[in-house]
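Containing compact mmCIF, C-alpha atoms: structure_1.txt.
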```txt
# COMPACT_ATOMS: atom_id res chain seq x y z
CA MET A 1 0.00 0.00 0.00
CA ASN A 2 3.02 2.29 0.30
CA ALA A 3 4.21 1.61 -3.24
CA ILE A 4 4.99 4.64 -5.35
CA ASN A 5 2.77 5.43 -8.29
CA ARG A 6 4.00 3.57 -11.33
CA TYR A 7 3.85 6.68 -13.51
CA GLU A 8 6.58 8.26 -11.38
CA LEU A 9 8.96 6.12 -13.40
CA PHE A 10 8.40 8.21 -16.50
CA VAL A 11 6.72 11.50 -15.54
CA LEU A 12 8.76 14.40 -14.19
CA GLU A 13 7.60 15.66 -10.83
CA ASP A 14 6.60 19.29 -10.33
CA GLY A 15 9.69 21.43 -10.70
CA GLU A 16 11.97 18.45 -11.31
CA LYS A 17 14.69 19.22 -13.83
CA PRO A 18 14.91 16.75 -16.70
CA VAL A 19 18.66 17.13 -17.19
CA GLU A 20 21.62 17.69 -14.90
CA ILE A 21 25.03 18.51 -16.39
CA ILE A 22 28.20 17.70 -14.44
CA GLU A 23 31.38 19.02 -16.08
CA ASP A 24 34.27 16.60 -15.79
CA THR A 25 37.26 18.29 -14.11
CA LYS A 26 39.81 15.53 -14.67
CA ILE A 27 39.27 14.75 -18.35
CA PRO A 28 39.42 17.47 -21.01
CA ASN A 29 36.31 18.09 -23.13
CA ALA A 30 34.29 15.60 -21.17
CA VAL A 31 30.92 15.90 -19.53
CA THR A 32 28.61 13.66 -17.54
CA ILE A 33 24.92 14.23 -18.08
CA LYS A 34 22.22 12.79 -15.91
CA ILE A 35 18.84 12.51 -17.57
CA PHE A 36 15.88 11.88 -15.32
CA LYS A 37 12.74 9.84 -15.98
CA GLN A 38 14.14 8.29 -19.15
CA ASP A 39 15.40 4.79 -19.85
CA HIS A 40 17.23 2.71 -22.48
CA THR A 41 14.74 3.82 -25.14
CA LEU A 42 16.28 7.28 -25.27
CA ALA A 43 19.73 6.48 -23.88
CA SER A 44 20.72 3.82 -26.39
CA MET A 45 19.45 5.84 -29.34
CA VAL A 46 21.37 8.96 -28.28
CA ARG A 47 24.53 7.00 -27.54
CA SER A 48 24.61 5.25 -30.90
CA GLU A 49 24.02 8.56 -32.66
CA LEU A 50 26.84 10.17 -30.65
CA LEU A 51 29.23 7.38 -31.59
CA ALA A 52 28.45 8.04 -35.23
CA THR A 53 29.62 11.65 -34.84
CA PRO A 54 33.30 12.05 -35.93
CA CYS A 55 34.37 14.49 -33.20
CA VAL A 56 33.20 12.21 -30.38
CA LEU A 57 36.01 10.23 -28.72
CA PHE A 58 33.86 8.52 -26.15
CA ALA A 59 30.14 8.14 -25.55
CA GLY A 60 28.54 5.71 -23.17
CA TYR A 61 25.61 5.42 -20.84
CA LYS A 62 24.55 3.47 -17.79
CA VAL A 63 21.49 3.15 -15.65
CA PRO A 64 23.06 3.41 -12.18
CA HIS A 65 20.23 1.69 -10.36
CA PRO A 66 17.33 -0.26 -11.88
CA LEU A 67 14.83 1.20 -9.41
CA GLU A 68 15.84 4.81 -10.06
CA PRO A 69 14.35 6.13 -13.29
CA ALA A 70 17.39 7.96 -14.66
CA PHE A 71 20.45 7.32 -16.78
CA VAL A 72 23.93 8.82 -16.91
CA LEU A 73 25.53 9.70 -20.23
CA LYS A 74 29.26 10.38 -20.56
CA ILE A 75 30.64 12.18 -23.58
CA GLN A 76 34.18 13.15 -24.50
CA THR A 77 34.99 15.04 -27.68
CA ASP A 78 38.26 15.82 -29.46
CA GLY A 79 37.92 19.50 -28.54
CA SER A 80 36.62 20.82 -31.84
CA GLN A 81 33.17 21.16 -30.27
CA PRO A 82 32.08 21.22 -26.62
CA PRO A 83 30.34 17.93 -25.68
CA VAL A 84 27.08 19.63 -24.69
CA GLN A 85 26.93 21.25 -28.10
CA VAL A 86 27.49 17.88 -29.77
CA LEU A 87 24.69 16.33 -27.73
CA GLU A 88 22.39 19.14 -28.75
CA ASN A 89 23.22 18.61 -32.43
CA VAL A 90 22.71 14.89 -32.11
CA CYS A 91 19.27 15.37 -30.55
CA THR A 92 18.24 17.78 -33.31
CA SER A 93 19.39 15.33 -35.93
CA LEU A 94 17.48 12.48 -34.25
CA ILE A 95 14.31 14.56 -34.31
CA ALA A 96 14.93 15.27 -37.98
CA THR A 97 15.42 11.55 -38.62
CA PHE A 98 12.07 10.84 -36.97
CA SER A 99 10.27 13.37 -39.12
CA LYS A 100 11.85 11.84 -42.22
CA LEU A 101 10.74 8.44 -41.00
CA ALA A 102 7.22 9.79 -40.51
CA ASP A 103 7.17 11.01 -44.11
CA GLN A 104 8.36 7.62 -45.33
CA PHE A 105 5.67 5.79 -43.40
CA LYS A 106 3.00 8.22 -44.52
CA ARG A 107 3.92 7.63 -48.14
CA GLU A 108 4.09 3.86 -47.73
CA PHE A 109 0.77 3.67 -45.90
CA SER A 110 -1.08 5.77 -48.44
CA ALA A 111 0.31 3.53 -51.19
CA ARG A 112 -0.97 0.53 -49.27
CA GLU A 113 -4.40 1.91 -48.34
CA LEU A 114 -6.00 0.19 -51.33
CA ASP A 115 -4.56 -3.21 -50.43
CA ILE A 116 -6.28 -3.23 -47.08
CA GLN A 117 -9.71 -2.60 -48.52
CA VAL A 118 -9.35 -5.23 -51.20
CA GLU A 119 -8.02 -7.70 -48.72
CA GLU A 120 -10.55 -7.25 -45.94
CA ASP A 121 -13.76 -7.84 -47.82
CA PRO A 122 -13.22 -11.26 -49.38
CA TYR A 123 -11.20 -12.77 -46.56
CA GLY A 124 -12.97 -11.38 -43.54
CA PRO A 125 -11.37 -10.34 -40.27
CA VAL A 126 -8.48 -11.41 -38.09
CA GLY A 127 -6.79 -14.68 -38.63
CA THR A 128 -8.51 -15.98 -41.72
CA ASN A 129 -5.59 -14.98 -43.89
CA SER A 130 -3.02 -17.72 -44.09
CA THR A 131 -0.06 -15.37 -43.55
CA SER A 132 -1.27 -14.36 -40.12
CA GLY A 133 -1.03 -17.88 -38.75
CA ALA A 134 -3.95 -17.19 -36.44
CA GLY A 135 -6.58 -19.10 -38.40
CA VAL A 136 -7.55 -21.48 -35.64
CA TRP A 137 -8.71 -18.56 -33.51
CA GLY A 138 -10.66 -17.06 -36.39
CA ALA A 139 -14.30 -16.18 -36.64
CA GLY A 140 -15.70 -19.58 -37.49
CA ASN A 141 -14.15 -21.18 -34.45
CA ARG A 142 -15.64 -19.96 -31.22
CA ARG A 143 -13.93 -22.54 -29.05
CA ASP A 144 -11.21 -21.42 -26.69
CA TYR A 145 -8.78 -22.98 -24.29
CA LEU A 146 -11.44 -23.42 -21.59
CA ASP A 147 -13.54 -25.62 -23.85
CA PHE A 148 -11.40 -28.72 -23.73
CA MET M 1 21.72 12.71 -39.86
CA SER M 2 20.59 9.38 -41.21
CA ASN M 3 18.20 8.85 -44.06
CA PRO M 4 15.71 6.19 -43.03
CA ARG M 5 14.02 4.18 -45.75
CA VAL M 6 10.90 2.15 -45.13
CA ARG M 7 9.27 -0.53 -47.22
CA ILE M 8 5.95 -1.88 -46.04
CA ARG M 9 5.62 -5.51 -47.07
CA ASN M 10 2.15 -6.21 -45.74
CA VAL M 11 -0.63 -4.30 -44.02
CA GLN M 12 -3.73 -5.83 -42.54
CA HIS M 13 -6.27 -4.24 -40.25
CA ASP M 14 -4.41 -5.51 -37.18
CA ARG M 15 -0.79 -5.83 -38.30
CA VAL M 16 1.91 -4.25 -40.39
CA ASN M 17 5.11 -5.80 -41.65
CA PHE M 18 7.89 -3.51 -42.81
CA VAL M 19 11.60 -3.31 -43.52
CA LEU M 20 13.57 -0.38 -42.13
CA GLU M 21 16.89 0.63 -43.64
CA GLY M 22 19.35 3.48 -43.36
CA VAL M 23 19.37 3.76 -39.56
CA ASP M 24 21.61 2.19 -36.96
CA ILE M 25 20.64 -0.59 -34.64
CA GLY M 26 20.22 1.71 -31.63
CA PHE M 27 17.63 3.73 -33.48
CA ALA M 28 15.76 0.65 -34.72
CA ASN M 29 15.69 -0.83 -31.25
CA SER M 30 14.36 2.40 -29.75
CA LEU M 31 11.62 2.37 -32.36
CA ARG M 32 10.70 -1.13 -31.25
CA ARG M 33 10.67 -0.10 -27.59
CA VAL M 34 8.47 2.93 -28.26
CA VAL M 35 5.99 0.87 -30.29
CA MET M 36 5.66 -1.57 -27.42
CA ALA M 37 5.56 0.71 -24.41
CA ASP M 38 5.11 4.42 -25.11
CA ILE M 39 1.84 4.76 -27.00
CA PRO M 40 -1.15 5.72 -24.85
CA THR M 41 -4.35 3.67 -24.99
CA VAL M 42 -7.38 3.21 -22.74
CA ALA M 43 -7.77 0.18 -20.49
CA ILE M 44 -9.93 -0.71 -17.52
CA ASP M 45 -8.03 0.40 -14.43
CA ILE M 46 -10.53 0.39 -11.56
CA VAL M 47 -13.28 -2.16 -11.01
CA GLU M 48 -16.01 -1.81 -8.40
CA ILE M 49 -17.76 -5.13 -7.93
CA GLU M 50 -21.36 -5.03 -6.72
CA THR M 51 -22.26 -8.67 -7.09
CA ASN M 52 -20.02 -11.58 -7.89
CA THR M 53 -21.50 -15.03 -7.47
CA THR M 54 -19.34 -16.57 -10.19
CA VAL M 55 -16.66 -19.13 -9.48
CA LEU M 56 -13.86 -16.62 -9.99
CA ALA M 57 -12.60 -14.29 -7.27
CA ASP M 58 -13.14 -10.54 -7.58
CA GLU M 59 -9.50 -9.72 -8.23
CA PHE M 60 -9.27 -12.48 -10.81
CA ILE M 61 -12.13 -10.89 -12.73
CA ALA M 62 -10.72 -7.40 -12.27
CA HIS M 63 -7.44 -8.55 -13.77
CA ARG M 64 -9.18 -10.18 -16.73
CA LEU M 65 -11.19 -7.00 -17.35
CA GLY M 66 -8.03 -4.91 -17.38
CA MET M 67 -6.57 -7.00 -20.19
CA ILE M 68 -9.53 -6.46 -22.56
CA PRO M 69 -8.52 -4.16 -25.43
CA LEU M 70 -10.74 -1.09 -25.71
CA ILE M 71 -11.02 1.05 -28.83
CA SER M 72 -8.56 3.90 -28.26
CA THR M 73 -8.57 5.80 -31.55
CA ASN M 74 -6.75 9.10 -31.09
CA CYS M 75 -6.45 8.46 -27.37
CA ASP M 76 -3.38 10.68 -27.20
CA GLU M 77 -5.43 13.80 -27.90
CA GLY M 78 -8.91 12.56 -27.03
CA MET M 79 -8.28 11.92 -23.38
CA ARG M 80 -6.35 13.26 -20.38
CA TYR M 81 -4.30 11.30 -17.93
CA THR M 82 -6.17 11.16 -14.62
CA ARG M 83 -3.03 12.48 -12.91
CA ASP M 84 -3.11 15.63 -15.09
CA CYS M 85 -6.85 16.19 -14.81
CA THR M 86 -8.34 18.84 -12.57
CA CYS M 87 -11.23 16.65 -11.44
CA LEU M 88 -11.34 14.95 -8.06
CA SER M 89 -11.65 11.35 -9.11
CA ASN M 90 -13.04 10.61 -12.56
CA CYS M 91 -14.70 12.87 -15.11
CA LYS M 92 -15.63 12.46 -18.75
CA TYR M 93 -12.34 13.96 -19.91
CA CYS M 94 -10.09 11.49 -18.12
CA SER M 95 -12.15 8.30 -17.93
CA VAL M 96 -14.63 6.08 -19.66
CA VAL M 97 -17.05 4.21 -17.40
CA LEU M 98 -18.33 0.80 -18.39
CA TYR M 99 -20.80 -1.44 -16.63
CA LEU M 100 -21.56 -5.09 -16.79
CA ASP M 101 -24.68 -6.71 -15.38
CA VAL M 102 -25.26 -10.32 -16.33
CA SER M 103 -27.05 -13.15 -14.59
CA CYS M 104 -27.95 -16.62 -15.75
CA GLN M 105 -31.59 -17.67 -15.43
CA GLU M 106 -31.58 -20.88 -17.45
CA GLY M 107 -29.86 -24.23 -17.17
CA GLY M 108 -26.52 -24.83 -18.85
CA THR M 109 -23.45 -22.68 -18.91
CA MET M 110 -23.42 -19.10 -20.11
CA ASP M 111 -20.42 -17.08 -21.22
CA ILE M 112 -19.81 -13.60 -19.86
CA THR M 113 -17.77 -11.89 -22.53
CA SER M 114 -16.43 -8.48 -23.38
CA ASP M 115 -19.59 -7.97 -25.46
CA HIS M 116 -21.57 -7.59 -22.23
CA LEU M 117 -19.59 -4.48 -21.25
CA GLN M 118 -21.56 -1.30 -21.91
CA VAL M 119 -20.05 2.15 -22.04
CA VAL M 120 -21.99 4.57 -19.82
CA GLY M 121 -22.64 7.81 -21.71
CA TYR M 122 -21.98 11.09 -19.93
CA ASN M 123 -25.59 12.12 -20.19
CA SER M 124 -27.21 8.75 -19.68
CA GLY M 125 -27.91 9.44 -16.01
CA TYR M 126 -27.07 5.82 -15.21
CA ARG M 127 -26.43 5.45 -11.49
CA PHE M 128 -24.54 2.75 -9.70
CA THR M 129 -25.41 1.91 -6.11
CA SER M 130 -22.16 3.64 -5.16
CA GLY M 131 -23.15 6.86 -6.92
CA PRO M 132 -23.16 8.37 -10.40
CA ALA M 133 -20.96 6.92 -13.14
CA TYR M 134 -18.83 10.05 -13.48
CA SER M 135 -18.02 11.45 -10.07
CA ASP M 136 -17.42 14.98 -11.29
CA PRO M 137 -19.93 16.70 -13.51
CA ALA M 138 -16.90 17.58 -15.70
CA SER M 139 -14.17 19.93 -14.81
CA ASP M 140 -13.23 22.80 -17.10
CA GLY M 141 -14.33 21.96 -20.62
CA GLY M 142 -11.82 20.83 -23.16
CA GLU M 143 -11.89 19.77 -26.79
CA GLU M 144 -10.89 16.20 -25.98
CA LEU M 145 -14.30 14.64 -26.53
CA SER M 146 -14.62 15.84 -30.12
CA LYS M 147 -11.26 14.28 -31.00
CA ARG M 148 -12.24 10.76 -30.03
CA GLY M 149 -12.92 8.21 -32.72
CA ASP M 150 -16.13 6.18 -33.16
CA GLY M 151 -16.91 3.71 -30.42
CA PHE M 152 -14.17 5.10 -28.16
CA GLY M 153 -13.86 2.98 -25.02
CA ASN M 154 -15.90 0.05 -26.32
CA PRO M 155 -14.33 -3.39 -26.25
CA VAL M 156 -12.68 -4.19 -29.59
CA GLY M 157 -15.06 -6.00 -31.94
CA LYS M 158 -18.15 -5.37 -29.85
CA ASP M 159 -20.50 -4.59 -32.72
CA ASP M 160 -18.82 -6.97 -35.12
CA ASP M 161 -20.17 -10.52 -35.16
CA SER M 162 -17.15 -11.76 -37.06
CA VAL M 163 -14.81 -10.92 -34.16
CA PRO M 164 -15.08 -13.42 -31.32
CA PRO M 165 -15.46 -11.60 -27.98
CA VAL M 166 -13.05 -12.00 -25.06
CA LEU M 167 -14.34 -14.50 -22.52
CA ILE M 168 -14.38 -13.10 -18.97
CA THR M 169 -15.92 -16.02 -17.10
CA LYS M 170 -18.59 -18.70 -17.40
CA ILE M 171 -21.65 -18.90 -15.16
CA ARG M 172 -24.48 -21.33 -14.46
CA LYS M 173 -28.08 -20.90 -13.38
CA GLY M 174 -28.43 -18.59 -10.39
CA GLN M 175 -25.00 -17.01 -10.73
CA GLY M 176 -24.40 -13.45 -11.76
CA LEU M 177 -21.91 -10.63 -12.09
CA LYS M 178 -22.52 -6.93 -11.70
CA LEU M 179 -19.77 -4.37 -11.71
CA LYS M 180 -18.57 -0.92 -12.68
CA CYS M 181 -15.32 -0.35 -14.51
CA VAL M 182 -13.40 2.87 -14.89
CA ALA M 183 -11.14 2.85 -17.94
CA ARG M 184 -8.26 5.29 -18.01
CA LYS M 185 -5.53 6.42 -20.30
CA GLY M 186 -2.06 5.05 -19.70
CA ILE M 187 1.08 3.66 -21.27
CA ALA M 188 2.59 0.20 -21.08
CA LYS M 189 5.47 1.37 -18.88
CA GLU M 190 2.86 1.61 -16.13
CA HIS M 191 1.15 -1.70 -16.90
CA ALA M 192 1.39 -3.94 -19.97
CA LYS M 193 -2.39 -3.81 -20.43
CA TRP M 194 -1.92 -0.36 -21.97
CA SER M 195 0.28 -1.65 -24.75
CA PRO M 196 -1.32 -1.20 -28.17
CA CYS M 197 0.61 -4.23 -29.44
CA SER M 198 0.15 -7.89 -28.75
CA ALA M 199 3.41 -8.78 -30.47
CA VAL M 200 6.28 -6.97 -32.11
CA SER M 201 8.81 -9.01 -34.03
CA PHE M 202 12.20 -7.55 -34.79
CA GLU M 203 14.98 -9.22 -36.75
CA TYR M 204 18.21 -8.22 -38.44
CA ASP M 205 20.98 -10.13 -40.16
CA PRO M 206 19.02 -13.37 -40.80
CA HIS M 207 22.15 -15.16 -42.06
CA ASN M 208 24.09 -14.24 -38.91
CA LYS M 209 26.86 -12.73 -41.00
CA LEU M 210 27.73 -10.31 -38.18
CA ARG M 211 28.00 -13.16 -35.67
CA HIS M 212 25.98 -11.27 -33.08
CA THR M 213 24.78 -14.67 -31.96
CA SER M 214 26.23 -18.13 -31.97
CA TYR M 215 23.97 -21.08 -32.58
CA TRP M 216 24.08 -24.19 -30.48
CA PHE M 217 23.85 -27.30 -32.62
CA GLU M 218 23.97 -31.07 -32.42
CA SER M 219 25.87 -31.89 -35.61
CA ASP M 220 24.98 -29.53 -38.45
CA GLU M 221 24.26 -25.86 -37.78
CA ARG M 222 22.62 -25.14 -41.15
CA ALA M 223 20.25 -28.11 -40.96
CA GLU M 224 19.20 -27.46 -37.39
CA TRP M 225 18.60 -23.71 -37.71
CA PRO M 226 16.26 -23.10 -40.63
CA LEU M 227 16.44 -19.59 -42.09
CA SER M 228 13.59 -17.18 -41.53
CA GLU M 229 11.48 -15.70 -44.32
CA ASN M 230 13.55 -12.52 -44.03
CA ALA M 231 16.64 -14.37 -45.24
CA LYS M 232 15.26 -14.10 -48.77
CA GLU M 233 15.84 -10.35 -48.60
CA GLU M 234 19.59 -10.69 -48.16
CA GLU M 235 22.40 -12.30 -50.10
CA PRO M 236 23.49 -15.52 -48.36
CA PRO M 237 27.18 -15.46 -47.35
CA ARG M 238 29.59 -17.56 -49.38
CA ASP M 239 31.55 -20.12 -47.42
CA ASP M 240 34.91 -18.64 -48.43
CA MET M 241 33.95 -15.11 -47.44
CA PRO M 242 36.16 -13.66 -44.70
CA PHE M 243 34.43 -12.32 -41.60
CA ASP M 244 33.90 -8.57 -41.86
CA PHE M 245 34.22 -7.36 -38.29
CA ASN M 246 33.44 -3.76 -39.26
CA ALA M 247 30.08 -4.58 -40.79
CA LYS M 248 26.99 -3.09 -39.23
CA PRO M 249 23.39 -4.29 -39.41
CA GLU M 250 21.57 -2.41 -42.14
CA LYS M 251 18.13 -3.94 -42.62
CA PHE M 252 15.65 -4.35 -39.81
CA TYR M 253 12.57 -6.49 -40.26
CA PHE M 254 9.58 -5.54 -38.15
CA GLU M 255 6.14 -6.97 -37.71
CA VAL M 256 3.85 -4.99 -35.44
CA GLU M 257 0.69 -6.78 -34.39
CA THR M 258 -1.85 -4.68 -32.52
CA THR M 259 -4.51 -5.71 -30.04
CA GLY M 260 -7.12 -3.80 -32.02
CA ALA M 261 -7.13 -0.85 -29.60
CA LEU M 262 -5.32 1.22 -32.23
CA SER M 263 -4.81 0.54 -35.92
CA PRO M 264 -1.25 -0.39 -36.93
CA LYS M 265 -1.09 2.80 -38.95
CA GLU M 266 -2.00 4.94 -35.98
CA VAL M 267 0.58 3.17 -33.79
CA ILE M 268 3.37 3.76 -36.29
CA MET M 269 2.43 7.34 -37.07
CA LYS M 270 2.20 8.18 -33.37
CA VAL M 271 5.68 6.76 -32.80
CA THR M 272 7.28 8.78 -35.55
CA THR M 273 5.50 12.07 -35.01
CA ASN M 274 5.73 12.65 -31.28
CA SER M 275 8.04 10.19 -29.65
CA GLY M 276 10.48 11.13 -26.96
```
Target encoding structure tokens, full file:
Amino acid sequence: MNAINRYELFVLEDGEKPVEIIEDTKIPNAVTIKIFKQDHTLASMVRSELLATPCVLFAGYKVPHPLEPAFVLKIQTDGSQPPVQVLENVCTSLIATFSKLADQFKREFSARELDIQVEEDPYGPVGTNSTSGAGVWGAGNRRDYLDF
Amino acid sequence: MSNPRVRIRNVQHDRVNFVLEGVDIGFANSLRRVVMADIPTVAIDIVEIETNTTVLADEFIAHRLGMIPLISTNCDEGMRYTRDCTCLSNCKYCSVVLYLDVSCQEGGTMDITSDHLQVVGYNSGYRFTSGPAYSDPASDGGEELSKRGDGFGNPVGKDDDSVPPVLITKIRKGQGLKLKCVARKGIAKEHAKWSPCSAVSFEYDPHNKLRHTSYWFESDERAEWPLSENAKEEEPPRDDMPFDFNAKPEKFYFEVETTGALSPKEVIMKVTTNSG
């Protein structure tokens, strides 16, 4: 009964900062960034995009504790650009990639719109099509696992 | 910046199969994670049981009700999270109330299915013994309601005889079930019942050219590990080809199968337009 609300794992609290930047004093051009209320979904994507950037010497992330909804990202650059700037560029480019992806999907779906209509009428709903592999659960068969 | 390319191989009303190219594996995997766990839908979250004389315990039934997919078309804009809503417990902007009242009067077994769930309209005046369906008359008005699709909050396939309903429990003569459900908006990071997908398949490198995995085998690896359908998309490696340790996965094969709460198109478009 004293469990925390599950949504606290992914929703920022009132006034909680999403990002905390800790400059690294021992390594040149390095920074540690803590990002709150995010998980591998964002971390892994950002890291792999950072590694694809030429001026990045090191990029890595970890989730310090599985029960704490935050991850730590470390970046070191070769000095041509400050690491925070690189991260910002990477995020902008990821957003741009997503909008390109959205355009691609939009185009592909509108090209496929006709297929769906043709397909649905003669073959009926879920599972009757052989490619779906779900035929036994299809419309004509109302039995389920409790009927044995 | 990468240039993603998408080729849809198959679309049906509940599934889409596509090939993604031009992105790295981290990006493709994040896409998979978002499809599975970051798209909001509606699902039954609170159940108030008035009568339960069935063989199943209250919490058993409540759990089964939670898993029933409800039509969630444009849920992202058509509904508020209860935690963000200004109402005290549940209003028409942040919840959909359903009721179920079934009893068996005749001999033989009777199925209680998702088809017996009825959405309570905001103006229906339906009252439960515990009070009105929507506790708050509606906090400050919003445009959410007009953005909802047809049949919002109804169990998937309710008005469609060709879709078999979800069985909740079976009852015999003299048994009955009466309850109130409050369905709310949520995402699958909170509970898997809010996932719009029943299955997401993800594959790359069907020939294992990159050696990201090593297959266990009895005597012959090729004979014991049949290739997937996706292997037809890629050139099989020649036996004398040296291992390219710099190679990166390039083609990602997805199949997204939805529960029916959202269409596969809506799931994919939601992921690409406002993820993060």
Practice prompt. Give me the residues within 10 Å of Glu23 of chain A as number ranges by chain, counting only C-alpha atoms and dropping any in the same chain fewer than 3 places off.
Written response: A: 20, 26-33, 74, 83-84
Residues of chain M at most 6 Å from chain A: nearest atom pair and distance in Å, only C-alpha atoms, as a tab-separated table:
```
residue	atom	partner	partner_atom	distance
M:Met1	CA	A:Ser93	CA	5.3
M:Pro4	CA	A:Leu101	CA	5.8
M:Gln12	CA	A:Ile116	CA	5.8
M:Gly26	CA	A:Met45	CA	4.8
M:Phe27	CA	A:Met45	CA	5.0
M:Ser30	CA	A:Thr41	CA	4.8
M:Ser162	CA	A:Ala139	CA	5.3
M:Val163	CA	A:Ala139	CA	5.8
M:Glu190	CA	A:Arg6	CA	5.3
M:Thr272	CA	A:Ala102	CA	5.1
```
Worksheet entry | Using all atoms listed in the file: which of M:Tyr253, M:Met269, M:His116, M:Asp160 has the shortest distance to Ala28 of chain M |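 Result for the nearest residue to Ala28 of chain M: M:Tyr253.
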Fill in: atom CA of Val156 of chain M to atom CA of Thr169 of chain M, straight-line distance in Å
17.5 Å
Discussion item. So the first atom is atom CA of Val11 of chain A and the second is atom CA of Val16 of chain M; what is the distance between them in Å, to one decimal place?
Written reply: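 Taking atom CA of Val11 of chain A as the start and atom CA of Val16 of chain M as the end point, the length is 29.8 Å.
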Fill in: Nearest candidate to Arg9 of chain M (options M:Asn52, M:Thr258, M:Asn230, M:Ser95; using only C-alpha atoms)
M:Asn230
Practice prompt. Write out as a list of chain:residue names each polymer residue whose atoms come within 12 Å of Gly125 of chain M, counting all atoms listed in the file; drop sequence neighbours fewer than 4 positions from it.
Written response: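 Final neighbour list, sorted by chain and number: M:Val120, M:Gly121, M:Gly131, M:Pro132, M:Ala133, M:Tyr134, M:Ser135, M:Pro137.
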Practice prompt. Extract, using only C-alpha atoms, all DNA, RNA and protein residues at most 10 Å from Leu20 of chain M, discarding same-chain residues fewer than 3 positions from it, and format them as a ChimeraX atom specification.
Written response: /A:101 /M:4-8,23-24,28,204,250-254
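In this model, the gap between atom CA of Val42 of chain M and atom CA of Thr113 of chain M comes to 18.3 Å.
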Item to complete: Give me the residues within 10 Å of Ser80 of chain A as JSON, numbers by chain, counting only C-alpha atoms and dropping any in the same chain fewer than 2 places off.
Response: {"A": [29, 55, 56, 77, 78, 82, 83, 86]}
Discussion item. Given only C-alpha atoms as the basis, pick out the residue of M:Val96, M:Ile71, M:Leu167, M:Val256 nearest to Ile112 of chain M.
Written reply: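 Smallest distance to Ile112 of chain M is found for M:Leu167.
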Fill in: All residues 6 Å or closer to segment 55-68 of chain M, all atoms listed in the file, same chain fewer than 6 positions away omitted, as a list in words
Ala43, Ile44, Val47 and Lys193 of chain M
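In this comparison, which uses only C-alpha atoms, the residue of A:Val63, A:Met1, A:Ile35, A:Leu51 approaching Gln76 of chain A most closely is A:Leu51.
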Practice prompt. Please identify all polymer residues lying at most 9 Å from the point (-21.5, -12.4, -18.2) (file coordinates), using all atoms listed in the file, and present the result as a list in words.
Written response: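 Those residues lying close to the given coordinates are Leu100, Asp101, Val102, Ser103, Cys104, Met110, Asp111, Ile112, Thr113, Ser114, Asp115, His116, Leu117, Leu167, Ile168, Thr169, Lys170, Ile171, Gly176, Leu177 and Lys178 of chain M.
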